[in-house]
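The file entry.txt contains compact mmCIF, C-alpha atoms and all ligand atoms:
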```
# COMPACT_ATOMS: atom_id res chain seq x y z
CA MET A 97 44.25 15.68 -56.34
CA GLY A 98 41.64 13.32 -57.71
CA ASN A 99 38.37 12.04 -56.41
CA ILE A 100 39.72 8.57 -55.65
CA GLU A 101 42.20 10.04 -53.19
CA LYS A 102 39.59 12.25 -51.54
CA ASN A 103 37.06 9.46 -51.22
CA LEU A 104 39.58 7.03 -49.81
CA LEU A 105 40.73 9.60 -47.33
CA GLU A 106 37.23 10.39 -46.19
CA GLU A 107 36.34 6.74 -45.85
CA THR A 108 39.38 5.74 -43.84
CA ALA A 109 40.81 8.73 -41.97
CA ALA A 110 38.33 8.26 -39.13
CA TRP A 111 40.22 5.14 -38.14
CA VAL A 112 43.44 6.77 -37.01
CA ASP A 113 43.42 7.64 -33.36
CA GLU A 114 43.51 11.39 -33.74
CA GLU A 115 40.27 11.28 -35.73
CA ARG A 116 38.62 8.52 -33.80
CA ALA A 117 36.12 10.60 -31.85
CA LYS A 118 34.49 11.60 -35.11
CA THR A 119 33.17 8.13 -35.91
CA ASP A 120 30.96 5.71 -34.10
CA ARG A 121 31.34 3.00 -36.70
CA VAL A 122 32.54 -0.34 -35.42
CA GLN A 123 33.33 -2.17 -38.64
CA LYS A 124 36.62 -1.10 -40.21
CA PRO A 125 36.06 -0.42 -43.92
CA TRP A 126 38.78 -2.77 -45.16
CA ASP A 127 37.33 -6.22 -44.52
CA VAL A 128 38.93 -7.78 -47.62
CA TRP A 129 42.37 -6.76 -46.39
CA ILE A 130 41.67 -8.31 -42.99
CA ASP A 131 40.33 -11.50 -44.61
CA ALA A 132 43.22 -11.80 -47.05
CA GLU A 133 45.56 -13.59 -44.69
CA LEU A 134 46.46 -16.10 -47.41
CA GLY A 135 46.58 -13.56 -50.22
CA LEU A 136 44.35 -12.16 -52.95
CA ARG A 137 42.97 -14.81 -55.28
CA ASN A 138 42.82 -14.36 -59.07
CA HIS A 139 46.09 -12.43 -59.28
CA TRP A 140 49.53 -13.11 -60.74
CA TYR A 141 52.49 -13.56 -58.39
CA PRO A 142 56.23 -14.06 -58.81
CA ALA A 143 56.56 -17.77 -58.01
CA ALA A 144 60.26 -18.39 -58.66
CA LEU A 145 63.17 -17.17 -60.74
CA SER A 146 63.78 -18.78 -64.12
CA ARG A 147 67.29 -19.72 -63.07
CA GLN A 148 65.92 -21.76 -60.15
CA ILE A 149 64.34 -24.32 -62.50
CA GLU A 150 66.74 -25.89 -64.96
CA GLU A 151 65.80 -28.29 -67.76
CA GLY A 152 64.52 -31.48 -66.14
CA GLY A 153 64.60 -29.82 -62.73
CA PHE A 154 61.92 -29.36 -60.09
CA LYS A 155 61.06 -26.74 -57.50
CA ALA A 156 58.42 -27.07 -54.80
CA ILE A 157 56.86 -23.82 -53.64
CA THR A 158 54.03 -22.67 -51.44
CA LEU A 159 51.91 -19.92 -52.90
CA LEU A 160 48.82 -18.55 -51.12
CA GLY A 161 48.78 -21.69 -49.00
CA GLU A 162 48.80 -23.97 -52.07
CA ASN A 163 51.64 -26.44 -52.52
CA ILE A 164 52.81 -26.32 -56.12
CA LEU A 165 55.45 -28.27 -58.02
CA LEU A 166 57.26 -26.44 -60.81
CA THR A 167 59.20 -28.32 -63.44
CA ARG A 168 60.82 -27.59 -66.78
CA GLN A 169 60.60 -30.32 -69.45
CA ASP A 170 61.72 -29.84 -73.06
CA GLY A 171 62.17 -26.16 -72.26
CA LYS A 172 58.57 -25.69 -71.18
CA LEU A 173 57.62 -24.74 -67.65
CA TYR A 174 54.76 -26.42 -65.81
CA ALA A 175 53.10 -25.84 -62.46
CA LEU A 176 51.00 -28.59 -60.91
CA GLU A 177 49.31 -29.13 -57.60
CA ASP A 178 51.88 -30.85 -55.40
CA ARG A 179 49.49 -33.42 -54.00
CA CYS A 180 48.56 -36.85 -55.32
CA PRO A 181 44.80 -37.45 -55.48
CA HIS A 182 45.29 -41.11 -54.60
CA ARG A 183 46.43 -40.66 -51.02
CA GLY A 184 47.68 -37.12 -50.82
CA VAL A 185 51.47 -37.38 -50.77
CA ARG A 186 53.60 -34.62 -52.22
CA PHE A 187 55.05 -35.45 -55.65
CA SER A 188 57.98 -33.23 -54.72
CA ALA A 189 59.07 -35.64 -52.00
CA ARG A 190 60.55 -37.74 -54.84
CA PRO A 191 59.70 -36.02 -58.13
CA LEU A 192 59.60 -38.26 -61.18
CA CYS A 193 59.02 -37.50 -64.86
CA TYR A 194 59.44 -40.64 -66.98
CA THR A 195 58.54 -38.62 -70.06
CA LYS A 196 58.59 -34.96 -71.03
CA GLU A 197 54.77 -34.93 -70.95
CA THR A 198 54.03 -36.61 -67.63
CA LEU A 199 54.54 -36.61 -63.89
CA THR A 200 54.42 -39.96 -62.07
CA CYS A 201 53.70 -40.32 -58.38
CA TRP A 202 56.59 -42.08 -56.64
CA TYR A 203 54.19 -44.03 -54.40
CA HIS A 204 51.71 -46.09 -56.48
CA THR A 205 52.46 -44.87 -60.05
CA PHE A 206 49.53 -42.56 -60.83
CA THR A 207 50.76 -40.63 -63.87
CA PHE A 208 49.47 -37.16 -64.83
CA ASN A 209 49.64 -34.84 -67.83
CA LEU A 210 52.03 -31.99 -67.11
CA ASP A 211 49.93 -29.51 -69.06
CA ASP A 212 46.44 -30.00 -67.66
CA GLY A 213 46.90 -32.28 -64.65
CA ASN A 214 44.62 -35.05 -65.97
CA LEU A 215 45.34 -38.61 -64.87
CA ARG A 216 46.83 -40.14 -68.04
CA THR A 217 47.56 -43.65 -66.78
CA ILE A 218 48.42 -45.74 -63.76
CA LEU A 219 51.52 -47.79 -64.44
CA ASN A 220 50.41 -50.77 -62.36
CA GLU A 221 46.68 -50.53 -63.24
CA PRO A 222 46.50 -49.21 -66.82
CA GLU A 223 42.85 -50.26 -67.31
CA SER A 224 41.62 -48.23 -64.34
CA PRO A 225 38.32 -46.42 -64.95
CA MET A 226 39.78 -43.54 -62.95
CA ILE A 227 42.00 -42.62 -65.89
CA GLY A 228 40.83 -39.44 -67.57
CA LYS A 229 38.40 -38.72 -64.73
CA VAL A 230 40.70 -37.55 -61.98
CA GLN A 231 42.57 -34.30 -62.24
CA ILE A 232 44.96 -32.22 -60.18
CA LYS A 233 45.17 -28.46 -60.50
CA SER A 234 47.50 -26.89 -63.03
CA TYR A 235 48.45 -23.22 -62.89
CA PRO A 236 48.87 -20.66 -65.69
CA LEU A 237 52.49 -19.50 -65.90
CA GLU A 238 54.34 -16.71 -67.65
CA GLU A 239 58.09 -16.41 -67.73
CA LEU A 240 59.11 -12.77 -68.12
CA LYS A 241 62.32 -10.92 -67.29
CA GLY A 242 63.79 -14.05 -65.72
CA VAL A 243 60.84 -14.33 -63.34
CA VAL A 244 58.26 -17.12 -63.31
CA PHE A 245 54.83 -15.63 -62.65
CA ALA A 246 52.00 -17.94 -61.58
CA PHE A 247 48.30 -17.20 -61.56
CA VAL A 248 46.35 -18.54 -58.60
CA GLY A 249 42.63 -18.39 -59.23
CA ASP A 250 39.55 -19.48 -61.11
CA ILE A 251 38.94 -16.74 -63.67
CA SER A 252 40.63 -16.41 -67.00
CA PRO A 253 43.84 -14.54 -66.18
CA PRO A 254 44.26 -10.88 -67.11
CA PRO A 255 47.65 -9.80 -68.54
CA VAL A 256 50.56 -10.16 -66.07
CA GLY A 257 51.24 -6.48 -66.63
CA HIS A 258 48.12 -5.67 -64.60
CA ASP A 259 49.67 -7.27 -61.53
CA VAL A 260 53.15 -5.74 -61.46
CA ALA A 261 54.40 -2.21 -60.92
CA PRO A 262 54.56 -0.05 -64.06
CA GLY A 263 57.82 -0.31 -65.96
CA PHE A 264 58.86 -3.74 -64.73
CA LEU A 265 57.95 -5.53 -67.95
CA ASP A 266 58.98 -2.74 -70.32
CA ASP A 267 61.14 -3.80 -73.26
CA ASP A 268 64.01 -1.65 -72.04
CA ALA A 269 63.86 -2.87 -68.43
CA VAL A 270 66.93 -4.95 -67.60
CA VAL A 271 65.96 -6.97 -64.53
CA TYR A 272 68.56 -8.32 -62.13
CA SER A 273 67.05 -10.59 -59.46
CA ALA A 274 68.47 -11.12 -55.99
CA GLU A 275 68.04 -14.54 -54.41
CA PRO A 276 64.51 -14.62 -52.95
CA TYR A 277 64.10 -15.64 -49.31
CA VAL A 278 61.31 -16.53 -46.92
CA ILE A 279 60.43 -14.15 -44.09
CA ASP A 280 58.31 -15.25 -41.15
CA ALA A 281 55.71 -12.52 -41.41
CA ASN A 282 52.36 -12.32 -43.16
CA TRP A 283 52.51 -10.74 -46.63
CA ARG A 284 50.20 -7.87 -45.64
CA LEU A 285 52.59 -6.74 -42.94
CA ALA A 286 55.33 -6.67 -45.54
CA CYS A 287 53.27 -4.52 -47.93
CA GLU A 288 52.47 -2.11 -45.15
CA ASN A 289 56.04 -1.93 -43.90
CA GLY A 290 57.39 -1.27 -47.39
CA TYR A 291 55.13 1.69 -47.94
CA ASP A 292 54.77 2.96 -44.37
CA PRO A 293 55.84 6.63 -44.33
CA GLY A 294 56.70 6.46 -40.64
CA HIS A 295 58.96 3.40 -40.95
CA GLN A 296 61.96 5.20 -42.33
CA PHE A 297 63.33 5.55 -38.81
CA ILE A 298 64.32 1.84 -38.80
CA HIS A 299 66.80 2.46 -41.60
CA ASN A 300 68.99 4.63 -39.41
CA TRP A 301 70.37 1.27 -38.25
CA SER A 302 70.87 -0.10 -41.76
CA PRO A 303 74.51 -0.58 -42.81
CA PHE A 304 73.80 1.47 -45.95
CA SER A 305 72.96 4.53 -43.86
CA ILE A 306 75.82 4.02 -41.43
CA LYS A 307 78.48 3.37 -44.09
CA ASN A 308 77.42 6.38 -46.15
CA GLU A 309 76.65 8.58 -43.13
CA ILE A 310 73.13 9.21 -44.35
CA PRO A 311 70.65 9.94 -41.57
CA MET A 312 67.33 8.45 -42.67
CA SER A 313 64.96 10.78 -40.77
CA PHE A 314 62.48 10.11 -37.99
CA GLY A 315 59.83 9.45 -40.63
CA TRP A 316 58.03 10.99 -43.57
CA VAL A 317 55.00 12.23 -41.82
CA SER A 318 51.96 13.02 -43.86
CA ASN A 319 48.76 14.57 -42.66
CA LYS A 320 45.38 14.79 -44.36
CA GLU A 321 46.47 17.71 -46.54
CA SER A 322 49.88 16.46 -47.55
CA VAL A 323 48.74 12.95 -48.34
CA LEU A 324 46.44 14.36 -51.01
CA ARG A 325 49.24 16.52 -52.34
CA THR A 326 51.88 13.81 -52.52
CA THR A 327 49.91 10.69 -53.38
CA THR A 328 48.35 9.57 -56.64
CA TYR A 329 46.12 6.53 -57.06
CA PHE A 330 45.80 4.52 -60.27
CA ASP A 331 42.70 2.39 -60.67
CA SER A 332 42.23 2.03 -64.40
CA ASP A 333 40.94 -1.36 -65.50
CA ASP A 334 43.47 -1.77 -68.28
CA GLY A 335 46.63 -1.45 -66.22
CA PRO A 336 48.15 -2.02 -62.80
CA LYS A 337 46.31 -0.71 -59.77
CA GLY A 338 48.21 1.03 -57.03
CA PHE A 339 49.53 4.33 -55.85
CA THR A 340 52.66 6.43 -55.65
CA ARG A 341 54.07 8.98 -53.24
CA LYS A 342 56.65 11.65 -53.97
CA ALA A 343 58.82 11.26 -50.90
CA ALA A 344 60.61 14.59 -51.18
CA GLU A 345 57.31 16.42 -50.94
CA THR A 346 56.26 14.81 -47.68
CA ASN A 347 57.16 16.29 -44.32
CA ILE A 348 60.54 14.74 -43.63
CA VAL A 349 61.14 14.91 -39.90
CA GLN A 350 64.82 15.35 -39.10
CA GLU A 351 64.64 17.00 -35.69
CA ALA A 352 62.87 15.82 -32.59
CA VAL A 353 62.69 16.49 -28.85
CA ILE A 354 61.63 14.54 -25.80
CA PRO A 355 59.79 16.58 -23.14
CA MET A 356 61.23 15.92 -19.67
CA ASN A 357 59.43 15.82 -16.33
CA ASP A 358 60.89 19.22 -15.38
CA GLY A 359 59.47 20.83 -18.51
CA SER A 360 62.75 21.01 -20.38
CA LEU A 361 63.16 19.61 -23.88
CA VAL A 362 65.93 17.22 -24.76
CA GLU A 363 66.90 17.26 -28.40
CA VAL A 364 67.45 13.80 -29.89
CA LYS A 365 69.62 13.18 -32.91
CA LEU A 366 69.60 10.52 -35.58
CA PRO A 367 72.73 8.38 -35.25
CA ALA A 368 74.28 9.59 -38.50
CA ALA A 369 73.21 13.20 -37.97
CA GLU A 370 75.65 13.93 -35.15
CA GLY A 371 77.84 16.88 -36.03
CA LYS A 372 75.93 17.85 -39.17
CA SER A 373 74.38 21.26 -39.64
CA ARG A 374 70.74 21.72 -40.55
CA GLU A 375 71.77 22.76 -44.07
CA GLU A 376 73.79 19.60 -44.53
CA LEU A 377 70.89 17.52 -43.27
CA ASN A 378 68.47 19.19 -45.65
CA GLU A 379 70.81 18.57 -48.53
CA ILE A 380 71.10 14.91 -47.63
CA ALA A 381 67.34 14.67 -47.28
CA GLN A 382 66.89 16.05 -50.77
CA TYR A 383 69.17 13.36 -52.13
CA ALA A 384 68.00 10.50 -49.96
CA HIS A 385 64.32 11.17 -50.47
CA SER A 386 64.17 12.24 -54.08
CA CYS A 387 62.57 8.94 -55.00
CA GLU A 388 59.00 8.11 -55.89
CA VAL A 389 57.60 5.19 -53.90
CA GLY A 390 54.70 3.14 -55.23
CA LEU A 391 52.73 0.15 -53.96
CA TRP A 392 50.96 -1.97 -56.55
CA MET A 393 48.42 -4.77 -56.35
CA PRO A 394 48.69 -7.44 -55.39
CA CYS A 395 52.04 -7.02 -53.59
CA MET A 396 54.79 -5.10 -55.40
CA LEU A 397 56.69 -2.01 -54.24
CA LYS A 398 58.65 0.23 -56.61
CA VAL A 399 61.19 2.84 -55.51
CA ASP A 400 62.45 5.00 -58.33
CA PRO A 401 65.35 5.70 -58.17
CA TRP A 402 66.96 3.56 -55.46
CA PRO A 403 69.58 3.59 -54.04
CA ALA A 404 70.75 6.09 -56.66
CA ASP A 405 69.96 7.04 -60.21
CA PRO A 406 69.76 5.14 -62.60
CA ALA A 407 68.85 2.05 -60.50
CA ILE A 408 65.17 1.33 -59.89
CA HIS A 409 64.23 -0.96 -57.03
CA PHE A 410 61.26 -3.35 -57.16
CA GLU A 411 60.24 -5.85 -54.51
CA SER A 412 57.38 -8.33 -54.10
CA TYR A 413 55.95 -9.76 -50.90
CA VAL A 414 54.47 -12.99 -52.17
CA PRO A 415 51.98 -14.71 -49.83
CA ARG A 416 53.29 -18.13 -48.86
CA ASP A 417 51.12 -19.22 -45.96
CA SER A 418 49.42 -17.33 -43.15
CA THR A 419 52.66 -16.66 -41.32
CA SER A 420 55.26 -16.18 -44.05
CA HIS A 421 55.96 -14.58 -47.40
CA THR A 422 58.64 -14.97 -50.03
CA TYR A 423 60.64 -11.80 -50.51
CA PHE A 424 61.66 -11.08 -54.12
CA GLN A 425 63.91 -8.09 -54.88
CA PHE A 426 64.81 -6.76 -58.32
CA GLY A 427 67.32 -4.13 -59.40
CA VAL A 428 66.32 -2.66 -62.73
CA LEU A 429 68.16 -0.51 -65.25
CA LYS A 430 66.36 0.99 -68.21
CA THR A 431 68.43 0.77 -71.35
CA ASN A 432 68.27 -0.40 -74.95
CA ASP A 433 72.04 -0.67 -75.19
CA LYS A 434 73.06 -4.33 -75.21
CA ALA A 435 76.54 -3.72 -73.80
CA GLU A 436 75.15 -1.59 -71.00
CA ALA A 437 72.54 -4.22 -70.23
CA ASP A 438 75.22 -6.92 -70.02
CA GLU A 439 77.35 -4.75 -67.80
CA TRP A 440 74.37 -4.20 -65.50
CA MET A 441 73.65 -7.91 -65.21
CA ASN A 442 77.29 -8.96 -64.82
CA ARG A 443 78.68 -6.34 -62.47
CA ARG A 444 76.94 -3.05 -61.93
CA ALA A 445 73.66 -4.34 -60.47
CA HIS A 446 75.57 -6.23 -57.81
CA GLU A 447 77.72 -3.26 -56.87
CA GLU A 448 75.26 -0.39 -57.34
CA TRP A 449 72.03 -2.04 -56.24
CA GLU A 450 72.39 -5.44 -54.58
CA ILE A 451 75.04 -4.60 -51.97
CA PRO A 452 73.58 -1.27 -50.84
CA THR A 453 69.98 -2.48 -50.98
CA VAL A 454 69.63 -6.22 -50.47
CA GLU A 455 72.62 -6.72 -48.22
CA ASP A 456 72.74 -3.38 -46.42
CA PHE A 457 69.23 -1.94 -46.30
CA THR A 458 66.16 -4.14 -46.66
CA ILE A 459 67.42 -6.55 -44.00
CA ASP A 460 65.99 -4.02 -41.55
CA ASP A 461 62.60 -4.21 -43.24
CA ALA A 462 62.71 -7.99 -42.89
CA PHE A 463 63.56 -7.54 -39.21
CA ALA A 464 60.66 -5.14 -38.67
CA ARG A 465 58.11 -7.33 -40.45
CA LYS A 466 58.99 -10.33 -38.30
CA GLU A 467 58.51 -8.19 -35.21
CA LEU A 468 54.95 -7.31 -36.31
CA GLN A 469 53.90 -10.90 -36.86
CA LYS A 470 53.03 -12.15 -33.38
CA PHE A 471 50.78 -9.22 -32.52
CA TYR A 472 48.83 -9.48 -35.77
CA SER A 473 48.56 -13.26 -35.98
CA GLU A 474 48.05 -14.24 -32.35
CA GLU A 475 46.89 -11.14 -30.51
CA ASP A 476 44.16 -9.73 -32.69
CA GLY A 477 46.41 -6.95 -33.90
CA TRP A 478 44.13 -5.98 -36.78
CA LYS A 479 41.56 -4.99 -34.16
CA ARG A 480 43.82 -3.74 -31.40
CA GLU A 481 46.34 -1.63 -33.32
CA ARG A 482 46.24 2.08 -32.41
CA LEU A 483 46.95 3.87 -35.64
CA TYR A 484 48.42 7.38 -35.76
CA ARG A 485 48.06 10.05 -38.39
CA PRO A 486 50.77 8.92 -40.85
CA ASP A 487 48.98 5.55 -40.99
CA ILE A 488 46.25 7.18 -43.07
CA GLU A 489 48.28 6.15 -46.09
CA LEU A 490 48.07 2.55 -44.96
CA THR A 491 44.35 2.67 -44.26
CA MET A 492 43.83 4.16 -47.71
CA TRP A 493 45.76 1.25 -49.20
CA ARG A 494 43.70 -1.27 -47.23
CA LYS A 495 40.50 0.28 -48.49
CA PHE A 496 41.85 0.51 -52.03
CA VAL A 497 42.67 -3.22 -52.02
CA THR A 498 39.30 -4.03 -50.48
CA LYS A 499 37.68 -2.32 -53.43
CA HIS A 500 39.84 -3.71 -56.23
CA ALA A 501 40.84 -7.25 -55.18
CA ARG A 502 39.71 -9.91 -57.65
CA GLY A 503 39.15 -12.33 -54.79
CA VAL A 504 40.36 -13.58 -51.43
CA GLN A 505 42.18 -16.84 -50.87
CA THR A 506 40.65 -19.11 -48.22
CA THR A 507 41.90 -22.29 -46.52
CA ASP A 508 39.36 -24.25 -48.58
CA HIS A 509 41.22 -23.24 -51.73
CA THR A 510 44.35 -24.90 -50.36
CA LYS A 511 42.77 -28.34 -49.93
CA GLY A 512 42.59 -31.16 -52.47
CA PHE A 513 39.47 -31.33 -54.64
CA PHE A 514 40.62 -33.72 -57.26
CA SER A 515 37.95 -34.81 -59.67
CA ARG A 516 36.87 -32.44 -62.37
CA LYS A 517 33.34 -32.82 -61.15
CA ASP A 518 34.21 -31.68 -57.61
CA ARG A 519 35.76 -28.53 -58.92
CA GLU A 520 32.82 -27.40 -60.99
S1 LIG A 601 49.80 -41.69 -53.25
FE1 LIG A 601 50.28 -41.19 -55.30
S2 LIG A 601 49.85 -42.94 -56.40
FE2 LIG A 601 49.36 -43.47 -54.34
FE FE A 602 62.16 0.08 -45.61
```
What would you get if you wrote out this structure as structure tokens?
Amino acid sequence: MGNIEKNLLEETAAWVDEERAKTDRVQKPWDVWIDAELGLRNHWYPAALSRQIEEGGFKAITLLGENILLTRQDGKLYALEDRCPHRGVRFSARPLCYTKETLTCWYHTFTFNLDDGNLRTILNEPESPMIGKVQIKSYPLEELKGVVFAFVGDISPPPVGHDVAPGFLDDDAVVYSAEPYVIDANWRLACENGYDPGHQFIHNWSPFSIKNEIPMSFGWVSNKESVLRTTTYFDSDDGPKGFTRKAAETNIVQEAVIPMNDGSLVEVKLPAAEGKSREELNEIAQYAHSCEVGLWMPCMLKVDPWPADPAIHFESYVPRDSTSHTYFQFGVLKTNDKAEADEWMNRRAHEEWEIPTVEDFTIDDAFARKELQKFYSEEDGWKRERLYRPDIELTMWRKFVTKHARGVQTTDHTKGFFSRKDRE
């Protein structure tokens, strides 16, 4: 175990209920996480899939509360603020590119450079002194592995590879992308659900577990000792920051009882565990939990392998606005063999990864995240939650992000500040 893990544990463990008496501190030590309702600024995020923006096509997205218009012209992708500085309408309401270099507002003809967002001309007022002085935001983009990554921030962007889970951008990673969808839950709740060691219980109701008769356990329950044994943090400045857990080495709870009023104990079974011996259950647990789970800044989870070797599962919870995120899921095969790569993209990924995972498993994560939303957004959940011991892993993550975030997005960032002068 390293010092990062120990320090994080010491700084945050006092906030789970069992340890509560030992602290009299009022301020939780993860203020950045609490403030980051709209996301972490100065990071790269998956914004769309390459296949969603064809030549000459447009796609309007919301990223960290900012409305952005994506377009592809002459093969090149552009991302511009989706808001006209004249009177604020969305270009995407009726997107218009008369040329491959410009975007024209459908309302009063203000026409902008696609590459830097400068006002190039106004079709009905070409002598306007505003030309060259007014600018909308443009966003750095990188198109990698069929994914369009956008950088939302003010600093010069670090490599995209610092903001995705390790392995995703490797040369031999063959990335199959499921159709992304919007979930009505804040992105932080999604990160926490994805990594939450206690959440595995919800997957006993997932079609994947039922169809394959795989009981998913009552939870992987870590304590202060096991979390240090099973978890590794990575905080080097020249790579992605995040941490991983070896699931099989956590305490996988497969048996449980409910104490009754008369003092007796009633044994409760996982739905798919009925009729299975303890040996069988242990064997299944070894298979089902042999994966390594990692959570990476700003918002990517990696489960390796999942649902079975050789598939690797990646997913991103991209902040959209304060109450929703866009859910990206990727099934990855590592190979340098062209035929095998084609086979993965054309058939195997759908059968071996997409059906068991996207269709039959993570729908329960989406369900759970939505259920968290009201409490956290409207009822002061970040203050009122009563954390239990397995949540230490989540409090460590919150603290880790608080330390390493490059910035926090605020509602001010989402508003229009159009002239170059205003933005300096
Ligand atoms: S609102 Fe866009 S040009 Fe008037
Ligand atoms: Fe899950």
request  = List the neighbours of Ala281 in chain A out to 10 Å using all atoms listed in the file; skip same-chain residues closer than 4 positions along the sequence, and give me the result as number ranges by chain.
outcome  = A: 285-286, 413, 415-422, 462-470, 472-473
May I have the selected residues written with C-alpha atoms, as an mmCIF file, in the coordinates of the input?
```cif
data_model
loop_
_atom_site.group_PDB
_atom_site.id
_atom_site.type_symbol
_atom_site.label_atom_id
_atom_site.label_comp_id
_atom_site.auth_asym_id
_atom_site.auth_seq_id
_atom_site.Cartn_x
_atom_site.Cartn_y
_atom_site.Cartn_z
ATOM 1 C CA LEU A 285 52.590 -6.740 -42.940
ATOM 2 C CA ALA A 286 55.330 -6.670 -45.540
ATOM 3 C CA TYR A 413 55.950 -9.760 -50.900
ATOM 4 C CA PRO A 415 51.980 -14.710 -49.830
ATOM 5 C CA ARG A 416 53.290 -18.130 -48.860
ATOM 6 C CA ASP A 417 51.120 -19.220 -45.960
ATOM 7 C CA SER A 418 49.420 -17.330 -43.150
ATOM 8 C CA THR A 419 52.660 -16.660 -41.320
ATOM 9 C CA SER A 420 55.260 -16.180 -44.050
ATOM 10 C CA HIS A 421 55.960 -14.580 -47.400
ATOM 11 C CA THR A 422 58.640 -14.970 -50.030
ATOM 12 C CA ALA A 462 62.710 -7.990 -42.890
ATOM 13 C CA PHE A 463 63.560 -7.540 -39.210
ATOM 14 C CA ALA A 464 60.660 -5.140 -38.670
ATOM 15 C CA ARG A 465 58.110 -7.330 -40.450
ATOM 16 C CA LYS A 466 58.990 -10.330 -38.300
ATOM 17 C CA GLU A 467 58.510 -8.190 -35.210
ATOM 18 C CA LEU A 468 54.950 -7.310 -36.310
ATOM 19 C CA GLN A 469 53.900 -10.900 -36.860
ATOM 20 C CA LYS A 470 53.030 -12.150 -33.380
ATOM 21 C CA TYR A 472 48.830 -9.480 -35.770
ATOM 22 C CA SER A 473 48.560 -13.260 -35.980
#
```
message = Which residues are close to range 293-304 of chain A, i.e. within 10 Å by all atoms listed in the file, leaving aside same-chain residues fewer than 3 positions away? Reply as JSON, numbers by chain.
response = {"A": [288, 289, 290, 307, 308, 309, 310, 311, 312, 313, 314, 315, 316, 317, 318, 341, 343, 346, 347, 348, 349, 350, 366, 367, 368, 369, 389, 403, 451, 452, 453, 454, 455, 456, 457, 458, 459, 460, 461, 463, 464, 484, 485, 486, 487, 488, 489, 490]}
request  = Output the neighbourhood of ligand LIG 601 (chain A) as a list of chain:residue names, that is, all protein and nucleic acid residues with some atom at most 10 Å from the ligand, counting all atoms listed in the file.
outcome  =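 The residues within 10 Å of ligand LIG 601 (chain A), counting all atoms listed in the file, are A:Arg179, A:Cys180, A:Pro181, A:His182, A:Arg183, A:Gly184, A:Val185, A:Arg186, A:Phe187, A:Thr200, A:Cys201, A:Trp202, A:Tyr203, A:His204, A:Thr205, A:Phe206, A:Thr207, A:Ile218, A:Leu219, A:Asn220.
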ask   = Can you list, as a list in words, every protein, DNA or RNA residue that comes within 9 Å of Ile232 in chain A when you count only C-alpha atoms, leaving out same-chain residues fewer than 2 positions away?
value =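 Returned residues: Leu176, Glu177, Asp178, Arg179, Cys180, Pro181, Phe208, Asp212, Gly213, Asn214, Leu215, Val230, Ser234, Gly512, Phe513, Phe514, Ser515 and Arg516 of chain A.
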ask   = Which is closest to ligand FE 602 (chain A) among A:Ile380, A:Cys287, A:Ala344, A:Leu483, if we use only C-alpha atoms and all ligand atoms?
value =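 Using only C-alpha atoms and all ligand atoms, the shortest distance to ligand FE 602 (chain A) belongs to A:Cys287.
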task = Rank nothing, just name the residue among A:Ile251, A:Leu136, A:Ala175, A:Met492 nearest to Glu101 in chain A, using all atoms listed in the file.
result = A:Met492
request  = Would you kindly return, as JSON, numbers by chain, each protein, DNA or RNA residue with an atom no farther than 12 Å from any atom of Leu165 in chain A, considering all atoms listed in the file and excluding same-chain residues fewer than 2 positions away?
outcome  = {"A": [143, 144, 149, 153, 154, 155, 156, 157, 158, 159, 162, 163, 167, 168, 173, 174, 175, 176, 177, 178, 179, 180, 186, 187, 188, 189, 190, 191, 192, 199, 210, 213, 232, 233, 234, 235, 246]}
task = Please indicate the distance in Å from CA of Glu151 in chain A to CA of Gln169 in chain A, rounded to one decimal place.
result =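 Between CA of Glu151 in chain A and CA of Gln169 in chain A the gap is 5.8 Å.
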query = When distances are computed from all atoms listed in the file, which of A:Asp211, A:Asp170, A:Asp433, A:Asp131 shows the smallest separation from Ala501 in chain A?
reply =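 Checking each of A:Asp211, A:Asp170, A:Asp433, A:Asp131 against Ala501 in chain A, counting all atoms listed in the file, the winner is A:Asp131.
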query = Of the candidates A:Leu105, A:Phe426, A:Val353, A:Gly263, which one gets nearest to Val243 in chain A if we count all atoms listed in the file?
reply =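 Of all the options, A:Phe426 lies closest to Val243 in chain A.
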query = What is the distance between CA of Glu388 in chain A and CA of Glu450 in chain A, in Å to one decimal?
reply =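 Between CA of Glu388 in chain A and CA of Glu450 in chain A the gap works out to 19.1 Å.
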